[in-house]
Every structure is written in structure tokens, then in C-alpha cells.
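Here is the structure we will look at.
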Amino acid sequence: MHEKALTRWQRGWSASRGWTDYQQVDDVTVVRVGEPERRVEYVATEANATAAAHLALTDSNPPGTSWLAITTDNPDRLAADLKPVEALRTEWLMTISLAEQASYPVPPPYSLELSTTPSIIDAQICGYGEVAATGRMAVLHTGAVADLITTDPAHRRRGLARALMTALAQATPTPAAYLSASSHGRPLYESLGWTTITPLLVARTSTSY
Ligand SMILES: CC(C)(COP(=O)(O)OP(=O)(O)OC[C@H]1O[C@@H](n2cnc3c(N)ncnc32)[C@H](O)[C@@H]1OP(=O)(O)O)[C@@H](O)C(=O)NCCC(=O)NCCS
């Protein structure tokens with residue numbers, strides 16, 4: 001279940017972050033991230049959670065640097081099953097047909113800037129001499145993926161993130177989009193018409209064993 005959406009999200013997320021070195025091992029997607037605190041990311045559905053945890057617990061990375069993202073209907077049960085891998089938080093895999101996303105203008109006195117390459121659209125909203133909100137859409141033929149959507153705390157609840165999502169959607173040529181929402185982001189995306197496909201448990205190897 002959810003395999004196709006998970007794969008589409010992972011492809012776009014990897015493109016957004018520049019983590020383009022990945023391969024399939026036993027139905028687990030192994031993304032070689034290569035960052036000091038995050039050496040590798042194992043992405044899988046719950047059916048393959050045990051295989052993903054085994055890979056994380058037996059790789060050669062320092063404790064705490066192998067991460068997992070696992071779709072599950074029951075994050076609490078999966079968190080218990082994955083031990084000694086440490087569950088960090090639950091996110092939500094979401095999708096939308098971009099033509100159906102609600103549209104909102106950039107509120108004055110803020111202004112929008114877009115910069116695009118064939119595969120990445122970056123948006124930022126500035127105002128009061130500051131960068132107030134930023135976000136990105138990775139554009140792949142399998143679907144676009146929104147990532148790194150952030151509004152500076154001093155500028156929140158003024159409609160900047162929804163204006164940013166509007167601009168990203170309008171600049172995206174593919175019909176469908178995916179994202180993994182934080183607990184902060186989920187109400188925003190729901191208000192724009194995105195639907196939740198499944199919870200996604202974020203975990204990593206523990207530093208305490
Ligand atoms: C999530 C985040 C980007 C929202 O930015 P924002 O500019 O404040 O959002 P907007 O003002 O455009 O909100 C639009 C709508 O989304 C919903 N919404 C946004 N933040 C919300 C919150 N904290 N609680 C409930 N609803 C919220 C509301 O419906 C809101 O409309 P309203 O203010 O008229 O009620 C911002 O809180 C943030 O940067 N959080 C930390 C980083 C993060 O979690 N990013 C999301 C990653 S997936």
C-alpha cells in the first residue's frame with residue numbers, strides 16, 4: 001500500500017535535497033545522503049519496516065546517523081516494533097492535483113521571487129527588509145514534490161505560506177504533487193485542499209546502545 005506515492009515522494013524529496021544517489025535493497029530505498037548527522041535514509045512501507053530497520057542497525061554508520069522514513073497506519077505500534085531504532089516524529093504523506101489547490105495572492109507589502117531550473121522551482125517572499133518565507137518544488141515527470149516550506153516565526157499566520165504554495169503550484173508543469181507534512185504544516189496543506197495518504201514515521205538509529 002502507498003508504495004507508488006511513497007516512491008514518487010522520495011524521488012522528488014531526493015531531487016530537492018540533492019540526494020540523488022539511491023538504490024533498491026530488498027524493497028527498501030536506500031538514499032545515500034552523506035551528511036555528517038544523516039549518512040543514509042532508508043525509505044520503505046510498513047511491510048518492509050523490519051528489513052529497513054535491519055539495514056539501519058547493521059550498516060557501518062555511526063550510531064544516530066542512519067535515518068528511516070516508513071509509511072504506517074499506526075505510528076505508535078510501528079515505533080514500538082522498530083526498537084532499538086528510535087522513533088523521532090510522525091509526518092504525513094500528502095498529495096493533491098495541483099489544478100485543484102486553492103489559490104491565494106501574496107499579501108501586501110510582501111513580494112514574491114521565483115527562480116527556476118528544469119527540475120527545481122525556488123520561491124521566496126520578502127517584506128519589511130527580510131526574507132519572510134521560502135519553499136521549493138522539485139519537478140519530476142512522476143509528480144512534483146513540495147519541500148522546505150518555511151515562514152519565519154515573525155511573519156507567520158499572515159497568509160505567506162499559502163501564497164508561496166500558490167506560486168509554486170502555478171509554476172509547476174506536472175499535474176500531481178506530493179509532500180511530507182510536519183505537524184505544523186499539515187493544517188496549512190489541508191486548508192489548501194491537500195489530502196493525507198498515510199502517516200510516515202521518521203526514525204533513526206539510537207545513540208544510546
Ligand atoms: C507551517 C508554516 C509554513 C505555515 O506558515 P504561515 O505563513 O504561518 O501559514 P499561512 O499564514 O499561509 O497559513 C495559511 C492557513 O494554514 C493554516 N495554518 C497555518 N499555520 C497553522 C497553525 N500553526 N495551526 C493551524 N492552522 C494553521 C490556517 O488555515 C491558515 O489560515 P488562517 O491563518 O487564515 O487560519 C509555518 O508555521 C512554519 O514555517 N512552520 C515551521 C516549519 C514547518 O513545519 N514547515 C512545514 C514543513 S512540511
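Chain labels run A, B, ... following the order of the C-alpha cells; each chain numbers its residues from 1, and ligands are numbered from 1 in the order shown.
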Could you pull the residues within 12 Å of region 43-47 of chain A, counting only C-alpha atoms, minus those fewer than 4 positions along the same chain, as a short mmCIF file (atom, residue, chain, number, x, y, z; two decimals) with N, CA and C atoms, in the first residue's frame?
data_model
loop_
_atom_site.label_atom_id
_atom_site.label_comp_id
_atom_site.auth_asym_id
_atom_site.auth_seq_id
_atom_site.Cartn_x
_atom_site.Cartn_y
_atom_site.Cartn_z
N MET A 1 0.82 -1.22 0.00
CA MET A 1 0.00 0.00 0.00
C MET A 1 0.85 1.26 0.00
N HIS A 2 0.39 2.28 -0.63
CA HIS A 2 1.03 3.59 -0.66
C HIS A 2 2.38 3.57 -1.37
N GLU A 3 2.75 2.42 -1.98
CA GLU A 3 4.11 2.29 -2.49
C GLU A 3 4.43 3.33 -3.56
N LYS A 4 3.45 3.49 -4.49
CA LYS A 4 3.71 4.39 -5.60
C LYS A 4 3.87 5.83 -5.11
N ALA A 5 2.99 6.25 -4.21
CA ALA A 5 3.08 7.62 -3.68
C ALA A 5 4.38 7.81 -2.91
N LEU A 6 4.76 6.80 -2.12
CA LEU A 6 6.00 6.90 -1.35
C LEU A 6 7.20 7.04 -2.28
N THR A 7 7.21 6.24 -3.35
CA THR A 7 8.33 6.31 -4.30
C THR A 7 8.37 7.67 -4.98
N ARG A 8 7.20 8.16 -5.38
CA ARG A 8 7.17 9.47 -6.05
C ARG A 8 7.65 10.58 -5.11
N TRP A 9 7.22 10.50 -3.85
CA TRP A 9 7.67 11.50 -2.88
C TRP A 9 9.19 11.39 -2.68
N GLN A 10 9.69 10.17 -2.51
CA GLN A 10 11.13 10.00 -2.25
C GLN A 10 11.95 10.54 -3.42
N ARG A 11 11.52 10.26 -4.65
CA ARG A 11 12.27 10.75 -5.81
C ARG A 11 12.36 12.27 -5.80
N TRP A 13 11.79 14.34 -3.19
CA TRP A 13 12.49 14.80 -1.97
C TRP A 13 14.00 14.71 -2.19
N SER A 14 14.44 13.57 -2.74
CA SER A 14 15.86 13.39 -3.02
C SER A 14 16.35 14.45 -4.01
N TYR A 22 20.70 6.80 -4.95
CA TYR A 22 19.86 5.88 -4.20
C TYR A 22 19.67 4.58 -4.98
N GLN A 23 19.34 3.51 -4.26
CA GLN A 23 19.13 2.21 -4.88
C GLN A 23 18.12 1.40 -4.08
N GLN A 24 17.56 0.37 -4.69
CA GLN A 24 16.61 -0.52 -4.01
C GLN A 24 17.37 -1.69 -3.41
N VAL A 25 17.14 -1.96 -2.13
CA VAL A 25 17.69 -3.16 -1.49
C VAL A 25 16.52 -3.82 -0.74
N ASP A 26 16.12 -5.03 -1.20
CA ASP A 26 15.02 -5.74 -0.53
C ASP A 26 13.77 -4.87 -0.35
N ASP A 27 13.33 -4.19 -1.39
CA ASP A 27 12.14 -3.32 -1.35
C ASP A 27 12.30 -2.14 -0.40
N VAL A 28 13.52 -1.84 0.00
CA VAL A 28 13.81 -0.63 0.78
C VAL A 28 14.62 0.29 -0.14
N THR A 29 14.21 1.57 -0.23
CA THR A 29 15.02 2.51 -0.99
C THR A 29 16.11 3.06 -0.07
N VAL A 30 17.35 2.89 -0.48
CA VAL A 30 18.49 3.33 0.33
C VAL A 30 19.04 4.60 -0.32
N VAL A 31 18.86 5.73 0.38
CA VAL A 31 19.32 7.02 -0.15
C VAL A 31 20.63 7.37 0.55
N ARG A 32 21.70 7.47 -0.24
CA ARG A 32 22.98 7.84 0.36
C ARG A 32 23.05 9.36 0.49
N ALA A 51 12.96 -5.05 7.39
CA ALA A 51 14.15 -5.07 6.53
C ALA A 51 14.88 -3.73 6.62
N ALA A 52 14.12 -2.64 6.65
CA ALA A 52 14.75 -1.30 6.74
C ALA A 52 15.49 -1.15 8.07
N ALA A 53 14.85 -1.59 9.15
CA ALA A 53 15.49 -1.48 10.47
C ALA A 53 16.75 -2.34 10.52
N LEU A 55 18.69 -3.14 8.01
CA LEU A 55 19.74 -2.45 7.26
C LEU A 55 20.35 -1.32 8.10
N ALA A 56 19.49 -0.57 8.79
CA ALA A 56 19.98 0.56 9.60
C ALA A 56 20.85 0.09 10.76
N SER A 66 21.89 6.95 10.84
CA SER A 66 21.10 6.23 9.83
C SER A 66 19.62 6.49 10.12
N TRP A 67 18.93 7.06 9.13
CA TRP A 67 17.54 7.51 9.31
C TRP A 67 16.59 6.60 8.56
N LEU A 68 15.34 6.58 9.01
CA LEU A 68 14.30 5.80 8.34
C LEU A 68 13.06 6.66 8.15
N ALA A 69 12.37 6.46 7.05
CA ALA A 69 11.05 7.06 6.81
C ALA A 69 10.15 5.91 6.36
N ILE A 70 9.17 5.56 7.20
CA ILE A 70 8.35 4.36 6.96
C ILE A 70 6.87 4.74 6.99
N THR A 71 6.15 4.43 5.92
CA THR A 71 4.70 4.67 5.95
C THR A 71 4.05 3.63 6.85
N THR A 72 3.03 4.06 7.60
CA THR A 72 2.35 3.14 8.52
C THR A 72 0.98 3.69 8.86
N ASP A 73 0.01 2.80 9.08
CA ASP A 73 -1.30 3.24 9.56
C ASP A 73 -1.27 3.47 11.07
N ASN A 74 -0.24 2.95 11.74
CA ASN A 74 -0.21 3.01 13.19
C ASN A 74 1.21 3.38 13.68
N PRO A 75 1.53 4.67 13.71
CA PRO A 75 2.89 5.08 14.06
C PRO A 75 3.33 4.61 15.45
N ARG A 77 2.41 1.86 17.12
CA ARG A 77 2.75 0.43 17.10
C ARG A 77 4.07 0.22 16.36
N LEU A 78 4.25 0.91 15.24
CA LEU A 78 5.50 0.74 14.49
C LEU A 78 6.70 1.21 15.31
N ALA A 79 6.52 2.33 16.03
CA ALA A 79 7.62 2.84 16.86
C ALA A 79 8.05 1.79 17.87
N ASP A 81 7.60 -1.49 17.54
CA ASP A 81 8.17 -2.64 16.82
C ASP A 81 9.60 -2.37 16.35
N LEU A 82 9.92 -1.10 16.07
CA LEU A 82 11.23 -0.79 15.48
C LEU A 82 12.37 -0.77 16.51
N LEU A 93 2.28 11.83 4.69
CA LEU A 93 2.46 11.88 3.24
C LEU A 93 1.16 12.39 2.64
N THR A 198 -1.10 8.80 4.03
CA THR A 198 -0.74 7.92 5.15
C THR A 198 0.21 8.66 6.09
N PRO A 199 0.18 8.32 7.38
CA PRO A 199 1.25 8.79 8.26
C PRO A 199 2.60 8.20 7.82
N LEU A 200 3.65 8.90 8.19
CA LEU A 200 5.02 8.49 7.85
C LEU A 200 5.86 8.64 9.12
N LEU A 201 6.37 7.52 9.62
CA LEU A 201 7.17 7.59 10.84
C LEU A 201 8.62 7.91 10.49
N VAL A 202 9.17 8.91 11.17
CA VAL A 202 10.57 9.29 10.98
C VAL A 202 11.35 8.76 12.18
N ALA A 203 12.39 7.99 11.91
CA ALA A 203 13.15 7.35 12.99
C ALA A 203 14.63 7.37 12.63
N ARG A 204 15.45 7.05 13.62
CA ARG A 204 16.88 6.89 13.31
C ARG A 204 17.51 5.97 14.34
#
Problem - Shell around Pro109 (chain A) at 9 Å using only C-alpha atoms, local window under 4 positions removed, as a PyMOL selection string - result: chain A and resi 126-128
N, CA and C atoms of the current selection, written as an mmCIF file, in the first residue's frame:
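Output saved as selection.cif:
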data_model
loop_
_atom_site.group_PDB
_atom_site.id
_atom_site.type_symbol
_atom_site.label_atom_id
_atom_site.label_comp_id
_atom_site.auth_asym_id
_atom_site.auth_seq_id
_atom_site.Cartn_x
_atom_site.Cartn_y
_atom_site.Cartn_z
ATOM 1 N N CYS A 126 9.490 38.169 0.348
ATOM 2 C CA CYS A 126 10.233 39.136 1.154
ATOM 3 C C CYS A 126 9.310 40.280 1.580
ATOM 4 N N GLY A 127 9.665 40.877 2.708
ATOM 5 C CA GLY A 127 8.911 42.029 3.174
ATOM 6 C C GLY A 127 9.561 42.608 4.413
ATOM 7 N N TYR A 128 9.384 43.898 4.619
ATOM 8 C CA TYR A 128 9.972 44.575 5.785
ATOM 9 C C TYR A 128 11.488 44.345 5.824
#
I'd like a table as a Markdown table: residues in chain A with an atom no more than 10 Å from ligand 1, each row giving the shortest atom pair and its distance in Å to one decimal, only C-alpha atoms and all ligand atoms counted, sorted by chain and rising residue number.
| residue | atom | partner | partner_atom_place_in_ligand_line | distance |
| --- | --- | --- | --- | --- |
| A:Glu91 | CA | ligand 1 | 48 (S) | 8.1 |
| A:Trp92 | CA | ligand 1 | 48 (S) | 8.7 |
| A:Leu93 | CA | ligand 1 | 48 (S) | 9.7 |
| A:Met94 | CA | ligand 1 | 48 (S) | 9.8 |
| A:Tyr104 | CA | ligand 1 | 12 (O) | 8.9 |
| A:Val106 | CA | ligand 1 | 12 (O) | 9.6 |
| A:Pro107 | CA | ligand 1 | 12 (O) | 10.0 |
| A:Ile125 | CA | ligand 1 | 7 (O) | 9.9 |
| A:Ala132 | CA | ligand 1 | 7 (O) | 8.4 |
| A:Ala133 | CA | ligand 1 | 7 (O) | 6.9 |
| A:Thr134 | CA | ligand 1 | 3 (C) | 8.6 |
| A:Gly135 | CA | ligand 1 | 3 (C) | 8.7 |
| A:Ala146 | CA | ligand 1 | 48 (S) | 8.3 |
| A:Asp147 | CA | ligand 1 | 48 (S) | 6.8 |
| A:Leu148 | CA | ligand 1 | 47 (C) | 5.9 |
| A:Ile149 | CA | ligand 1 | 45 (N) | 5.0 |
| A:Thr150 | CA | ligand 1 | 39 (O) | 3.4 |
| A:Thr151 | CA | ligand 1 | 39 (O) | 3.9 |
| A:Asp152 | CA | ligand 1 | 39 (O) | 6.0 |
| A:Pro153 | CA | ligand 1 | 39 (O) | 6.8 |
| A:Ala154 | CA | ligand 1 | 8 (O) | 9.1 |
| A:His155 | CA | ligand 1 | 7 (O) | 6.5 |
| A:Arg156 | CA | ligand 1 | 8 (O) | 3.3 |
| A:Arg157 | CA | ligand 1 | 11 (O) | 3.2 |
| A:Arg158 | CA | ligand 1 | 11 (O) | 4.2 |
| A:Gly159 | CA | ligand 1 | 12 (O) | 3.3 |
| A:Leu160 | CA | ligand 1 | 7 (O) | 4.1 |
| A:Ala161 | CA | ligand 1 | 12 (O) | 3.7 |
| A:Arg162 | CA | ligand 1 | 12 (O) | 3.9 |
| A:Ala163 | CA | ligand 1 | 12 (O) | 6.4 |
| A:Leu164 | CA | ligand 1 | 12 (O) | 7.8 |
| A:Met165 | CA | ligand 1 | 12 (O) | 8.5 |
| A:Thr166 | CA | ligand 1 | 12 (O) | 9.9 |
| A:Leu179 | CA | ligand 1 | 48 (S) | 7.2 |
| A:Ser180 | CA | ligand 1 | 48 (S) | 5.9 |
| A:Ala181 | CA | ligand 1 | 48 (S) | 3.7 |
| A:Ser182 | CA | ligand 1 | 48 (S) | 4.4 |
| A:Ser183 | CA | ligand 1 | 44 (O) | 6.6 |
| A:His184 | CA | ligand 1 | 44 (O) | 4.5 |
| A:Gly185 | CA | ligand 1 | 1 (C) | 3.8 |
| A:Arg186 | CA | ligand 1 | 48 (S) | 6.8 |
| A:Pro187 | CA | ligand 1 | 26 (N) | 4.6 |
| A:Leu188 | CA | ligand 1 | 16 (O) | 3.2 |
| A:Tyr189 | CA | ligand 1 | 16 (O) | 6.7 |
| A:Glu190 | CA | ligand 1 | 16 (O) | 7.6 |
| A:Ser191 | CA | ligand 1 | 29 (O) | 5.1 |
| A:Leu192 | CA | ligand 1 | 16 (O) | 7.6 |
Handout entry: Given only C-alpha atoms as the counted atoms, nearest of A:Thr172, A:Thr117, A:Thr95, A:Thr142 to Thr196 (chain A)
Key = A:Thr95
Practice task
Please give the complete set of residues from region 53-170 of chain A that DSSP, run on the backbone, assigns to alpha helix (DSSP H), formatted as a ChimeraX atom specification.
Solution key: /A:53-58,75-82,160-170
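Ranking A:Thr90, A:Asn48, A:Thr174, A:Ser103 by their shortest atom-to-atom distance to Ser119 (chain A), with only C-alpha atoms included, puts A:Thr174 first.
Closest to Ala167 (chain A) among A:His54, A:Val40, A:Tyr110, A:Ile121 is A:Ile121, based on only C-alpha atoms.
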Handout entry: Nearest candidate to Glu113 (chain A) (options A:Ala144, A:Val85, A:Val131, A:Ile96; using only C-alpha atoms)
Key = A:Val131
